[in-house]
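First the structure, in the form of C-alpha coordinates, and then the observations on it.
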Amino acid sequence: MRVAVVGVGYSGFNANTPDLNWKEITLEAAARAYDDAGINPRKDVDSIVTCAEDIWEGFAIFDEFVPDQLGGVLKPTCTVCADFLFGIATAYMQIKSELADIAVVEAHSKASDILTFGETIKFAMDPIWLREIGSAHPYYFAALEMSQYINECCITEEQIAEVVVKNKNNALKNSSAPYGSKVTVEDVLNSPMVFDPMRKIEIAPRADGAIVFVLANEDVAKDLTDTPIWVKGVGWWSETSNYDTMSFNAVYAYKAAKMAYKLAGITNPAKEVDIAEVDDRFAFKEFQHLEALQLSKRFETGTLMREGYFAKDGELPVNLSGGSLGIGNLLEATGGQKALEVVLQLRGLAGRRQVEAETGVAQAWRYIPTASGAVAVFGV
Amino acid sequence: MSVGKKDISCPPEAPGTPLKDSDIAEKKVTYVEDHPDIRYAWTAGQAISRFLNELKKGKLIATKCNKCRRILFPPRMFCELCYKPIDDWVYVKDTGTVQTFSISYIDPDAKPLEKPVIVAVIAVDGASKNMAFMHVLGEVEPEKVYIGMKVKAVWKPEEEREGSVTDIKYWKPIEG
(Lines give C-alpha, C1' and ligand atoms only; values in the text may rest on other atoms or scores of the structure.)
Protein backbone atom coordinates (compact mmCIF):
# COMPACT_ATOMS: atom_id res chain seq x y z
CA MET A 1 0.00 0.00 0.00
CA ARG A 2 1.58 3.25 -1.14
CA VAL A 3 1.23 6.62 0.59
CA ALA A 4 0.33 9.76 -1.34
CA VAL A 5 0.16 13.50 -0.81
CA VAL A 6 -3.44 14.38 -1.74
CA GLY A 7 -3.59 17.98 -0.60
CA VAL A 8 -1.27 20.85 0.22
CA GLY A 9 -1.89 24.30 1.66
CA TYR A 10 0.28 27.08 2.88
CA SER A 11 0.16 30.55 4.30
CA GLY A 12 2.85 33.16 3.73
CA PHE A 13 5.68 33.37 3.39
CA ASN A 14 6.36 36.76 4.93
CA ALA A 15 9.18 38.50 6.74
CA ASN A 16 6.67 39.46 9.42
CA THR A 17 2.97 38.82 10.06
CA PRO A 18 1.79 41.44 12.53
CA ASP A 19 -1.92 40.95 11.77
CA LEU A 20 -2.22 37.20 12.37
CA ASN A 21 -1.05 34.95 15.17
CA TRP A 22 0.44 31.48 14.66
CA LYS A 23 -2.97 29.83 15.02
CA GLU A 24 -4.50 32.03 12.36
CA ILE A 25 -1.73 31.46 9.79
CA THR A 26 -1.92 27.73 10.48
CA LEU A 27 -5.70 27.78 10.04
CA GLU A 28 -5.26 29.49 6.66
CA ALA A 29 -2.80 26.84 5.48
CA ALA A 30 -4.95 23.99 6.80
CA ALA A 31 -8.19 25.26 5.26
CA ARG A 32 -6.43 25.44 1.87
CA ALA A 33 -4.96 21.95 2.25
CA TYR A 34 -8.36 20.42 3.12
CA ASP A 35 -9.96 22.21 0.21
CA ASP A 36 -7.18 20.98 -2.08
CA ALA A 37 -7.70 17.41 -0.86
CA GLY A 38 -11.50 17.75 -0.99
CA ILE A 39 -11.99 16.49 2.55
CA ASN A 40 -13.72 17.59 5.75
CA PRO A 41 -11.15 17.38 8.55
CA ARG A 42 -13.81 16.88 11.24
CA LYS A 43 -14.99 13.70 9.52
CA ASP A 44 -12.22 12.39 7.32
CA VAL A 45 -8.91 12.88 9.12
CA ASP A 46 -7.62 10.02 11.28
CA SER A 47 -4.44 11.52 12.66
CA ILE A 48 -2.68 14.88 12.90
CA VAL A 49 1.04 15.46 13.33
CA THR A 50 2.38 18.91 14.15
CA CYS A 51 6.09 19.58 13.97
CA ALA A 52 7.01 22.17 16.57
CA GLU A 53 9.83 23.04 18.91
CA ASP A 54 8.65 24.67 22.15
CA ILE A 55 11.57 27.06 22.35
CA TRP A 56 10.61 28.59 18.98
CA GLU A 57 6.98 28.89 20.10
CA GLY A 58 7.72 30.45 23.47
CA PHE A 59 5.43 28.09 25.34
CA ALA A 60 5.81 24.48 26.38
CA ILE A 61 4.10 21.17 25.59
CA PHE A 62 2.99 22.25 22.14
CA ASP A 63 1.01 19.02 21.78
CA GLU A 64 -1.81 20.72 23.67
CA PHE A 65 -2.02 23.46 21.06
CA VAL A 66 -2.21 21.19 18.00
CA PRO A 67 -5.90 20.35 17.55
CA ASP A 68 -8.09 23.47 17.23
CA GLN A 69 -6.75 25.23 14.15
CA LEU A 70 -6.35 21.90 12.29
CA GLY A 71 -9.85 20.60 12.91
CA GLY A 72 -8.39 18.00 15.26
CA VAL A 73 -10.35 18.48 18.49
CA LEU A 74 -10.96 15.03 20.01
CA LYS A 75 -8.80 13.23 17.46
CA PRO A 76 -5.45 11.46 17.70
CA THR A 77 -2.86 14.23 17.47
CA CYS A 78 0.74 14.56 18.47
CA THR A 79 3.76 16.79 18.17
CA VAL A 80 6.99 15.72 16.59
CA CYS A 81 9.66 17.98 18.00
CA ALA A 82 11.53 18.31 14.70
CA ASP A 83 11.33 19.56 11.13
CA PHE A 84 8.23 19.05 8.94
CA LEU A 85 9.94 16.22 7.03
CA PHE A 86 10.20 14.19 10.26
CA GLY A 87 6.43 14.68 10.46
CA ILE A 88 6.04 13.34 6.92
CA ALA A 89 8.01 10.26 8.02
CA THR A 90 5.71 9.84 11.05
CA ALA A 91 2.51 10.19 9.02
CA TYR A 92 3.94 7.84 6.37
CA MET A 93 4.48 5.19 9.06
CA GLN A 94 1.03 5.71 10.54
CA ILE A 95 -0.55 5.12 7.14
CA LYS A 96 1.76 2.22 6.25
CA SER A 97 0.90 0.53 9.53
CA GLU A 98 -2.81 1.07 8.80
CA LEU A 99 -3.36 3.15 11.95
CA ALA A 100 -4.63 5.92 9.71
CA ASP A 101 -6.14 6.16 6.23
CA ILE A 102 -5.68 9.93 6.15
CA ALA A 103 -3.01 11.70 8.19
CA VAL A 104 -2.23 15.41 8.27
CA VAL A 105 1.18 17.01 8.78
CA GLU A 106 1.61 20.63 9.82
CA ALA A 107 4.50 22.96 10.64
CA HIS A 108 4.62 26.69 11.04
CA SER A 109 7.05 29.46 11.81
CA LYS A 110 6.22 32.60 13.71
CA ALA A 111 9.88 33.52 13.89
CA SER A 112 8.93 37.19 14.06
CA ASP A 113 7.59 36.60 17.59
CA ILE A 114 11.09 35.80 18.86
CA LEU A 115 12.82 38.89 20.24
CA THR A 116 16.13 37.26 21.15
CA PHE A 117 16.83 34.92 18.22
CA GLY A 118 20.54 34.43 18.97
CA GLU A 119 19.91 33.61 22.61
CA THR A 120 17.15 31.23 21.60
CA ILE A 121 19.50 29.32 19.28
CA LYS A 122 22.05 29.21 22.09
CA PHE A 123 19.49 27.42 24.24
CA ALA A 124 20.21 24.34 22.08
CA MET A 125 23.88 24.42 23.02
CA ASP A 126 25.22 22.34 25.88
CA PRO A 127 24.94 24.76 28.84
CA ILE A 128 28.22 23.75 30.44
CA TRP A 129 30.44 22.93 27.51
CA LEU A 130 29.41 25.39 24.80
CA ARG A 131 26.99 28.07 25.86
CA GLU A 132 29.34 30.16 27.91
CA ILE A 133 32.06 30.51 25.28
CA GLY A 134 32.39 33.97 23.80
CA SER A 135 29.71 36.56 23.20
CA ALA A 136 29.24 36.18 19.43
CA HIS A 137 25.86 35.47 17.83
CA PRO A 138 25.66 31.67 17.37
CA TYR A 139 25.62 32.02 13.58
CA TYR A 140 29.37 31.52 14.09
CA PHE A 141 28.54 27.85 14.57
CA ALA A 142 27.65 27.59 10.88
CA ALA A 143 30.72 29.63 9.94
CA LEU A 144 32.97 27.16 11.78
CA GLU A 145 31.52 24.34 9.74
CA MET A 146 31.74 26.37 6.55
CA SER A 147 35.36 27.25 7.17
CA GLN A 148 36.37 23.63 7.54
CA TYR A 149 34.21 22.46 4.64
CA ILE A 150 35.29 25.03 2.03
CA ASN A 151 38.89 24.45 3.05
CA GLU A 152 38.61 20.67 2.62
CA CYS A 153 36.72 20.94 -0.64
CA CYS A 154 38.60 23.90 -2.16
CA ILE A 155 35.42 25.94 -2.63
CA THR A 156 35.89 29.60 -3.54
CA GLU A 157 34.01 32.70 -2.42
CA GLU A 158 32.70 33.14 -5.96
CA GLN A 159 31.29 29.60 -6.01
CA ILE A 160 29.44 30.19 -2.70
CA ALA A 161 28.17 33.47 -4.15
CA GLU A 162 26.63 31.56 -7.07
CA VAL A 163 24.23 29.81 -4.66
CA VAL A 164 22.97 33.13 -3.34
CA VAL A 165 22.61 34.51 -6.87
CA LYS A 166 20.71 31.44 -8.12
CA ASN A 167 18.32 31.16 -5.19
CA LYS A 168 17.52 34.84 -4.76
CA ASN A 169 16.88 35.15 -8.51
CA ASN A 170 14.72 32.00 -8.50
CA ALA A 171 12.74 33.61 -5.68
CA LEU A 172 11.75 36.47 -7.99
CA LYS A 173 9.53 33.96 -9.81
CA ASN A 174 7.83 32.99 -6.53
CA SER A 175 5.24 35.44 -5.22
CA SER A 176 5.52 33.75 -1.82
CA ALA A 177 9.25 34.46 -1.49
CA PRO A 178 9.84 37.72 0.36
CA TYR A 179 13.62 37.76 -0.02
CA GLY A 180 13.93 37.43 -3.79
CA SER A 181 16.21 39.92 -5.51
CA LYS A 182 18.21 40.39 -8.65
CA VAL A 183 21.62 40.04 -7.04
CA THR A 184 24.87 39.33 -8.86
CA VAL A 185 28.07 37.59 -7.74
CA GLU A 186 29.59 41.04 -7.31
CA ASP A 187 26.75 42.07 -4.98
CA VAL A 188 27.33 38.98 -2.87
CA LEU A 189 31.05 39.64 -2.66
CA ASN A 190 30.27 43.19 -1.50
CA SER A 191 28.07 41.93 1.33
CA PRO A 192 29.67 42.48 4.74
CA MET A 193 31.80 39.66 6.12
CA VAL A 194 29.95 39.09 9.38
CA PHE A 195 31.21 35.67 10.43
CA ASP A 196 34.37 35.29 8.36
CA PRO A 197 34.36 33.38 5.99
CA MET A 198 30.58 33.91 5.90
CA ARG A 199 28.93 37.01 4.47
CA LYS A 200 25.66 38.50 5.67
CA ILE A 201 23.82 37.76 2.42
CA GLU A 202 24.69 34.04 2.71
CA ILE A 203 22.50 33.75 5.84
CA ALA A 204 18.77 33.21 5.32
CA PRO A 205 16.79 35.87 7.22
CA ARG A 206 13.80 34.71 9.25
CA ALA A 207 10.30 34.32 7.87
CA ASP A 208 6.77 33.45 9.01
CA GLY A 209 4.48 30.91 7.40
CA ALA A 210 2.66 27.61 7.73
CA ILE A 211 2.44 24.47 5.61
CA VAL A 212 -0.11 21.66 5.82
CA PHE A 213 -0.01 18.37 3.89
CA VAL A 214 -2.79 15.79 3.69
CA LEU A 215 -1.46 12.25 3.22
CA ALA A 216 -3.57 9.22 2.38
CA ASN A 217 -3.22 5.54 1.62
CA GLU A 218 -3.34 4.42 -2.00
CA ASP A 219 -7.03 3.50 -2.13
CA VAL A 220 -8.20 6.72 -0.53
CA ALA A 221 -5.75 8.74 -2.63
CA LYS A 222 -7.13 7.31 -5.87
CA ASP A 223 -10.67 8.19 -4.78
CA LEU A 224 -9.70 11.72 -3.87
CA THR A 225 -7.48 12.80 -6.73
CA ASP A 226 -6.32 12.08 -10.25
CA THR A 227 -2.90 13.48 -9.44
CA PRO A 228 -1.62 11.82 -6.27
CA ILE A 229 2.01 12.56 -5.52
CA TRP A 230 3.55 9.49 -3.97
CA VAL A 231 5.76 9.62 -0.92
CA LYS A 232 8.36 7.24 -2.29
CA GLY A 233 10.78 7.31 0.57
CA VAL A 234 11.57 8.98 3.88
CA GLY A 235 14.71 9.06 5.97
CA TRP A 236 16.08 10.80 9.04
CA TRP A 237 19.37 10.70 10.86
CA SER A 238 21.30 12.32 13.69
CA GLU A 239 25.01 12.43 14.30
CA THR A 240 25.81 13.75 17.79
CA SER A 241 25.36 16.94 19.74
CA ASN A 242 29.12 17.47 20.05
CA TYR A 243 30.64 19.84 17.54
CA ASP A 244 34.00 18.16 17.98
CA THR A 245 32.67 14.77 16.90
CA MET A 246 30.18 15.94 14.28
CA SER A 247 31.29 15.23 10.75
CA PHE A 248 30.97 18.91 9.73
CA ASN A 249 30.21 17.27 6.46
CA ALA A 250 26.44 16.65 6.49
CA VAL A 251 26.72 12.91 7.11
CA TYR A 252 23.25 13.25 8.70
CA ALA A 253 21.89 14.20 5.28
CA TYR A 254 23.87 11.50 3.49
CA LYS A 255 22.49 8.80 5.80
CA ALA A 256 18.94 10.17 5.76
CA ALA A 257 19.04 10.26 1.95
CA LYS A 258 20.39 6.68 1.76
CA MET A 259 17.45 5.55 3.88
CA ALA A 260 14.93 7.43 1.72
CA TYR A 261 16.49 6.36 -1.60
CA LYS A 262 16.48 2.72 -0.51
CA LEU A 263 12.74 2.89 0.19
CA ALA A 264 12.19 4.69 -3.10
CA GLY A 265 14.28 2.16 -5.05
CA ILE A 266 16.63 4.88 -6.26
CA THR A 267 20.12 3.58 -6.97
CA ASN A 268 21.59 6.47 -8.93
CA PRO A 269 20.19 9.68 -7.44
CA ALA A 270 22.11 12.03 -9.75
CA LYS A 271 20.39 10.41 -12.74
CA GLU A 272 17.01 9.53 -11.24
CA VAL A 273 16.19 12.72 -9.31
CA ASP A 274 14.80 15.52 -11.51
CA ILE A 275 14.56 18.35 -8.97
CA ALA A 276 15.73 18.98 -5.43
CA GLU A 277 14.90 21.42 -2.67
CA VAL A 278 17.69 21.34 -0.14
CA ASP A 279 18.38 23.25 3.06
CA ASP A 280 20.29 26.42 2.16
CA ARG A 281 19.80 28.45 5.34
CA PHE A 282 23.50 29.18 5.02
CA ALA A 283 24.60 29.27 1.38
CA PHE A 284 27.44 26.74 1.79
CA LYS A 285 24.92 24.23 3.16
CA GLU A 286 23.48 23.85 -0.34
CA PHE A 287 26.86 22.52 -1.52
CA GLN A 288 27.14 20.14 1.42
CA HIS A 289 23.60 18.89 1.06
CA LEU A 290 23.82 18.35 -2.69
CA GLU A 291 26.86 16.15 -2.12
CA ALA A 292 25.23 14.34 0.81
CA LEU A 293 22.18 13.64 -1.36
CA GLN A 294 24.52 12.21 -4.00
CA LEU A 295 23.29 14.73 -6.52
CA SER A 296 26.79 16.00 -7.03
CA LYS A 297 30.30 14.74 -6.33
CA ARG A 298 32.70 16.33 -3.90
CA PHE A 299 35.09 18.80 -5.59
CA GLU A 300 32.72 19.06 -8.57
CA THR A 301 29.80 20.95 -7.01
CA GLY A 302 31.42 24.37 -7.30
CA THR A 303 32.11 23.96 -11.00
CA LEU A 304 28.63 22.60 -11.69
CA MET A 305 27.08 25.50 -9.75
CA ARG A 306 29.09 27.93 -11.86
CA GLU A 307 28.05 26.21 -15.10
CA GLY A 308 24.36 26.49 -14.23
CA TYR A 309 23.83 22.75 -13.76
CA PHE A 310 21.50 23.48 -10.78
CA ALA A 311 19.76 26.47 -12.40
CA LYS A 312 16.13 26.48 -13.59
CA ASP A 313 17.18 25.49 -17.11
CA GLY A 314 20.00 23.24 -15.91
CA GLU A 315 20.25 19.45 -15.72
CA LEU A 316 19.08 19.25 -12.11
CA PRO A 317 17.25 22.37 -10.89
CA VAL A 318 17.81 22.96 -7.17
CA ASN A 319 15.79 25.31 -4.95
CA LEU A 320 13.52 26.50 -7.72
CA SER A 321 11.33 28.00 -5.00
CA GLY A 322 14.10 30.42 -4.12
CA GLY A 323 15.19 28.22 -1.25
CA SER A 324 15.54 29.51 2.26
CA LEU A 325 17.78 32.29 0.96
CA GLY A 326 14.85 33.60 -1.08
CA ILE A 327 11.96 32.61 1.19
CA GLY A 328 13.55 32.92 4.61
CA ASN A 329 14.30 30.68 7.53
CA LEU A 330 11.02 29.01 8.46
CA LEU A 331 12.44 27.15 11.47
CA GLU A 332 10.70 23.73 11.75
CA ALA A 333 8.57 24.55 8.68
CA THR A 334 11.68 24.69 6.49
CA GLY A 335 11.30 21.11 5.23
CA GLY A 336 7.62 21.87 4.63
CA GLN A 337 8.51 24.65 2.24
CA LYS A 338 10.95 22.31 0.47
CA ALA A 339 8.38 19.51 0.19
CA LEU A 340 5.71 21.98 -0.93
CA GLU A 341 7.81 23.15 -3.87
CA VAL A 342 8.56 19.57 -4.91
CA VAL A 343 4.85 18.66 -4.80
CA LEU A 344 3.79 21.81 -6.70
CA GLN A 345 6.41 21.08 -9.38
CA LEU A 346 5.37 17.42 -9.71
CA ARG A 347 1.72 18.47 -10.01
CA GLY A 348 2.58 21.10 -12.63
CA LEU A 349 1.31 23.93 -10.43
CA ALA A 350 4.54 25.89 -9.97
CA GLY A 351 3.64 28.73 -12.34
CA ARG A 352 6.59 30.69 -13.69
CA ARG A 353 8.97 28.34 -11.91
CA GLN A 354 7.58 25.19 -13.54
CA VAL A 355 10.01 22.62 -14.95
CA GLU A 356 9.52 19.06 -16.24
CA ALA A 357 9.90 16.65 -13.33
CA GLU A 358 8.70 13.23 -12.21
CA THR A 359 10.87 12.62 -9.17
CA GLY A 360 11.88 15.22 -6.60
CA VAL A 361 13.67 15.20 -3.29
CA ALA A 362 13.19 17.52 -0.30
CA GLN A 363 15.76 17.80 2.46
CA ALA A 364 15.97 19.77 5.69
CA TRP A 365 18.48 20.12 8.47
CA ARG A 366 17.62 20.86 12.10
CA TYR A 367 19.65 24.08 11.97
CA ILE A 368 22.49 25.16 14.19
CA PRO A 369 23.91 23.71 16.34
CA THR A 370 22.73 20.30 15.09
CA ALA A 371 23.89 17.53 12.82
CA SER A 372 20.42 16.07 12.26
CA GLY A 373 18.09 16.13 9.32
CA ALA A 374 15.46 14.41 7.23
CA VAL A 375 14.81 13.64 3.57
CA ALA A 376 11.67 12.78 1.61
CA VAL A 377 11.46 11.53 -1.97
CA PHE A 378 8.30 12.33 -3.92
CA GLY A 379 7.20 11.06 -7.33
CA VAL A 380 4.28 11.03 -9.75
CA MET B 1 5.10 19.88 59.60
CA SER B 2 3.49 22.95 58.21
CA VAL B 3 3.75 24.79 54.95
CA GLY B 4 2.67 28.39 54.66
CA LYS B 5 -0.27 29.59 56.64
CA LYS B 6 -2.15 26.35 56.66
CA ASP B 7 -1.26 23.11 58.41
CA ILE B 8 -0.76 20.34 55.89
CA SER B 9 0.09 16.96 57.35
CA CYS B 10 2.53 14.72 55.53
CA PRO B 11 3.51 11.06 55.96
CA PRO B 12 6.63 10.44 58.07
CA GLU B 13 9.82 11.56 56.36
CA ALA B 14 12.44 9.09 55.14
CA PRO B 15 15.73 10.73 56.13
CA GLY B 16 18.31 10.99 53.35
CA THR B 17 21.60 12.90 53.21
CA PRO B 18 20.55 16.48 53.80
CA LEU B 19 22.13 19.27 51.76
CA LYS B 20 22.55 22.66 53.37
CA ASP B 21 22.32 25.95 51.50
CA SER B 22 25.95 26.46 52.41
CA ASP B 23 26.94 23.22 50.61
CA ILE B 24 25.56 24.71 47.43
CA ALA B 25 27.03 28.17 48.04
CA GLU B 26 30.45 26.66 48.73
CA LYS B 27 30.15 24.59 45.54
CA LYS B 28 30.50 21.29 47.34
CA VAL B 29 27.94 20.24 44.79
CA THR B 30 29.28 20.66 41.24
CA TYR B 31 26.97 22.70 39.09
CA VAL B 32 26.94 25.41 36.46
CA GLU B 33 24.33 28.14 36.50
CA ASP B 34 22.96 29.90 33.47
CA HIS B 35 20.13 32.38 33.13
CA PRO B 36 19.19 32.45 29.44
CA ASP B 37 17.75 35.72 28.22
CA ILE B 38 15.02 34.49 25.91
CA ARG B 39 12.17 36.84 25.11
CA TYR B 40 9.15 36.86 22.82
CA ALA B 41 6.44 39.26 21.67
CA TRP B 42 3.54 37.07 20.61
CA THR B 43 1.33 38.51 17.90
CA ALA B 44 -2.16 38.56 19.40
CA GLY B 45 -3.87 38.09 16.03
CA GLN B 46 -7.36 39.06 14.86
CA ALA B 47 -9.56 37.65 17.61
CA ILE B 48 -7.45 38.23 20.70
CA SER B 49 -6.44 41.75 19.58
CA ARG B 50 -10.08 42.77 19.57
CA PHE B 51 -10.64 41.01 22.91
CA LEU B 52 -7.73 42.85 24.54
CA ASN B 53 -8.80 46.21 23.13
CA GLU B 54 -12.32 45.66 24.49
CA LEU B 55 -10.84 44.93 27.93
CA LYS B 56 -9.44 48.46 27.88
CA LYS B 57 -13.03 49.67 27.51
CA GLY B 58 -14.14 47.46 30.39
CA LYS B 59 -15.99 45.01 28.15
CA LEU B 60 -15.79 41.28 27.47
CA ILE B 61 -16.29 40.25 23.87
CA ALA B 62 -16.90 36.82 22.38
CA THR B 63 -17.58 35.40 18.92
CA LYS B 64 -20.49 33.35 17.68
CA CYS B 65 -20.85 30.29 15.47
CA ASN B 66 -24.23 30.08 13.80
CA LYS B 67 -23.82 26.39 13.03
CA CYS B 68 -23.34 25.01 16.55
CA ARG B 69 -24.82 28.22 18.00
CA ARG B 70 -22.13 28.47 20.61
CA ILE B 71 -20.89 31.80 21.98
CA LEU B 72 -17.11 31.30 21.90
CA PHE B 73 -15.18 32.87 24.75
CA PRO B 74 -12.41 33.97 24.65
CA PRO B 75 -13.12 34.87 21.02
CA ARG B 76 -11.52 33.04 18.11
CA MET B 77 -11.81 33.53 14.36
CA PHE B 78 -12.99 29.98 13.71
CA CYS B 79 -15.21 27.46 15.45
CA GLU B 80 -12.91 24.58 16.37
CA LEU B 81 -15.80 22.09 16.41
CA CYS B 82 -17.53 23.06 13.15
CA TYR B 83 -14.21 24.10 11.55
CA LYS B 84 -15.67 27.17 9.89
CA PRO B 85 -15.17 30.92 10.25
CA ILE B 86 -17.14 32.62 13.04
CA ASP B 87 -20.29 34.54 12.14
CA ASP B 88 -20.47 37.42 14.55
CA TRP B 89 -19.04 39.32 17.51
CA VAL B 90 -21.12 39.52 20.67
CA TYR B 91 -20.53 41.05 24.08
CA VAL B 92 -20.83 38.81 27.11
CA LYS B 93 -21.36 40.04 30.67
CA ASP B 94 -18.69 40.71 33.27
CA THR B 95 -20.58 38.50 35.69
CA GLY B 96 -20.50 34.74 36.03
CA THR B 97 -20.58 31.64 38.16
CA VAL B 98 -17.68 29.91 39.92
CA GLN B 99 -17.36 26.60 38.08
CA THR B 100 -14.37 25.36 40.09
CA PHE B 101 -11.79 26.96 42.40
CA SER B 102 -8.65 26.32 44.43
CA ILE B 103 -7.34 28.14 47.48
CA SER B 104 -3.64 28.22 46.73
CA TYR B 105 -1.04 28.76 49.46
CA ILE B 106 2.25 28.23 47.61
CA ASP B 107 3.97 30.36 44.96
CA PRO B 108 5.63 28.96 41.76
CA ASP B 109 8.96 28.89 43.57
CA ALA B 110 7.35 26.62 46.20
CA LYS B 111 7.48 29.37 48.82
CA PRO B 112 4.51 30.14 51.08
CA LEU B 113 2.33 33.02 49.91
CA GLU B 114 1.61 35.86 52.33
CA LYS B 115 -2.08 35.53 51.57
CA PRO B 116 -3.71 32.60 49.82
CA VAL B 117 -4.72 33.19 46.18
CA ILE B 118 -8.18 31.97 45.23
CA VAL B 119 -7.91 30.83 41.61
CA ALA B 120 -11.25 30.19 39.96
CA VAL B 121 -12.72 29.19 36.65
CA ILE B 122 -15.66 31.50 36.06
CA ALA B 123 -18.42 30.50 33.66
CA VAL B 124 -19.11 33.87 32.07
CA ASP B 125 -22.75 34.95 31.73
CA GLY B 126 -23.68 34.99 28.08
CA ALA B 127 -21.02 32.54 26.90
CA SER B 128 -21.67 28.88 26.11
CA LYS B 129 -20.93 25.94 28.38
CA ASN B 130 -17.21 25.29 28.97
CA MET B 131 -16.46 28.84 27.86
CA ALA B 132 -14.96 30.34 30.95
CA PHE B 133 -12.45 32.81 32.28
CA MET B 134 -9.73 31.59 34.64
CA HIS B 135 -9.05 34.40 37.06
CA VAL B 136 -8.72 35.15 40.78
CA LEU B 137 -11.37 35.98 43.38
CA GLY B 138 -11.16 38.89 45.83
CA GLU B 139 -13.16 40.62 48.56
CA VAL B 140 -14.11 37.20 49.90
CA GLU B 141 -12.85 34.94 52.68
CA PRO B 142 -11.48 31.69 51.24
CA GLU B 143 -13.78 29.57 53.38
CA LYS B 144 -16.83 31.43 52.01
CA VAL B 145 -16.17 30.50 48.35
CA TYR B 146 -18.33 27.77 46.83
CA ILE B 147 -18.99 26.25 43.44
CA GLY B 148 -21.99 27.98 41.94
CA MET B 149 -21.19 31.32 43.62
CA LYS B 150 -22.21 34.34 41.55
CA VAL B 151 -19.36 36.76 40.92
CA LYS B 152 -18.68 40.04 39.14
CA ALA B 153 -15.48 41.49 37.65
CA VAL B 154 -13.70 44.28 39.52
CA TRP B 155 -11.96 46.37 36.88
CA LYS B 156 -8.88 48.55 37.20
CA PRO B 157 -9.61 52.26 36.71
CA GLU B 158 -9.84 52.99 32.98
CA GLU B 159 -6.58 54.99 32.88
CA GLU B 160 -4.67 52.01 34.31
CA ARG B 161 -5.98 49.42 31.83
CA GLU B 162 -3.51 48.28 29.23
CA GLY B 163 -5.31 45.62 27.22
CA SER B 164 -4.43 42.64 29.37
CA VAL B 165 -6.38 39.99 31.28
CA THR B 166 -5.12 41.75 34.40
CA ASP B 167 -7.25 44.79 33.50
CA ILE B 168 -9.71 42.92 35.67
CA LYS B 169 -8.18 43.01 39.14
CA TYR B 170 -10.27 40.11 40.44
CA TRP B 171 -13.86 38.86 40.61
CA LYS B 172 -15.92 39.43 43.76
CA PRO B 173 -19.10 37.83 45.02
CA ILE B 174 -22.39 39.44 44.06
CA GLU B 175 -24.28 40.01 47.31
CA GLY B 176 -27.60 38.31 47.78
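In the C-alpha coordinates, each chain is lettered A, B, ... as it comes, each chain's residues begin at 1, and ligands are numbered from 1 in order of appearance.
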**OP:** Could you pull out the residues in range 156-349 of chain A that DSSP calls strand (DSSP E) from the backbone, as a list in words?
**Re:**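 The strand (DSSP E) subset of range 156-349 of chain A is Met193, Val194, Phe195, Met198, Arg199, Asp208, Gly209, Ala210, Ile211, Val212, Phe213, Val214, Leu215, Ala216, Asn217, Ile229, Trp230, Val231, Lys232, Gly233, Val234, Gly235, Trp236, Trp237, Ser238, Ile275, Ala276 and Glu277 of chain A.
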Subject >> Neighbours of chain B in chain A at 10 Å, counting only C-alpha atoms, as a PyMOL selection string >> reply: chain A and resi 17-25+27+31+40-42+55-59+67-74+110-123+127-129+131-132
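Candidate residues A:Arg206, A:Lys312, A:Lys338, A:Lys166 were compared for distance to Asn16 in chain A, and the nearest is A:Arg206, using only C-alpha atoms.
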**OP:** Name the residues of chain B that fall into alpha helix (DSSP H) according to DSSP on the backbone, using the chain letters and numbers of this document, as a ChimeraX atom specification.
**Re:** /B:21-25,45-56
**OP:** Rank nothing, just name the residue among A:Ala333, A:Val234, A:Ala371, A:Leu130 nearest to Val80 in chain A, using only C-alpha atoms.
**Re:**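 Ranked by minimum distance to Val80 in chain A, first place goes to A:Ala333.
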Original post:
For Val136 in chain B, which residue out of B:Pro173, B:Pro157, B:Pro112, B:Gly163 is the nearest one, using only C-alpha atoms?
Top reply: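 Going through B:Pro173, B:Pro157, B:Pro112, B:Gly163 one by one, the smallest distance to Val136 in chain B is for B:Pro173.
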Subject >> Who sits within 10 Å of Tyr149 in chain A, only C-alpha atoms, same chain under 2 positions skipped, as a ChimeraX atom specification >> reply: /A:143-147,151-155,247-250,284-285,287-288
Original post:
For the atom pair CA of Tyr252 in chain A and CA of Val278 in chain A, what is the interatomic distance in Å to one decimal place?
Top reply: 13.2 Å
Subject >> Lys57 in chain B surroundings by only C-alpha atoms, 12 Å radius, close-in-sequence under 2 positions cut, as a VMD selection string >> reply: chain B and resid 50 to 55 59 to 61 91 155 to 164 167 to 168
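Between CA of Leu85 in chain A and CA of Leu295 in chain A there is a distance of 19.1 Å.
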Subject >> Contacts of Ala216 in chain A within 8 Å, only C-alpha atoms, excl. fewer than 2 positions in-chain, as a ChimeraX atom specification >> reply: /A:3-6,95,101-103,214,218,220-221
**OP:** Pick out the residues sitting within 9 Å of Asp88 in chain B, and hand them over as a PyMOL selection string; count only C-alpha atoms, and ignore anything fewer than 5 positions along from it in its own chain.
**Re:** chain B and resi 62-66
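Once range 116-131 of chain B and its same-chain neighbours fewer than 3 positions away are set aside, Ala62, Arg70, Ile71, Leu72, Phe73, Pro74, Tyr91, Val92, Lys93, Asp94, Thr95, Gly96, Thr97, Val98, Gln99, Thr100, Phe101, Ser102, Ile103, Ser104, Tyr105, Ile106, Leu113, Met134, His135, Val136, Leu137, Gly138 and Pro142 of chain B remain within 8 Å of it when counting only C-alpha atoms.
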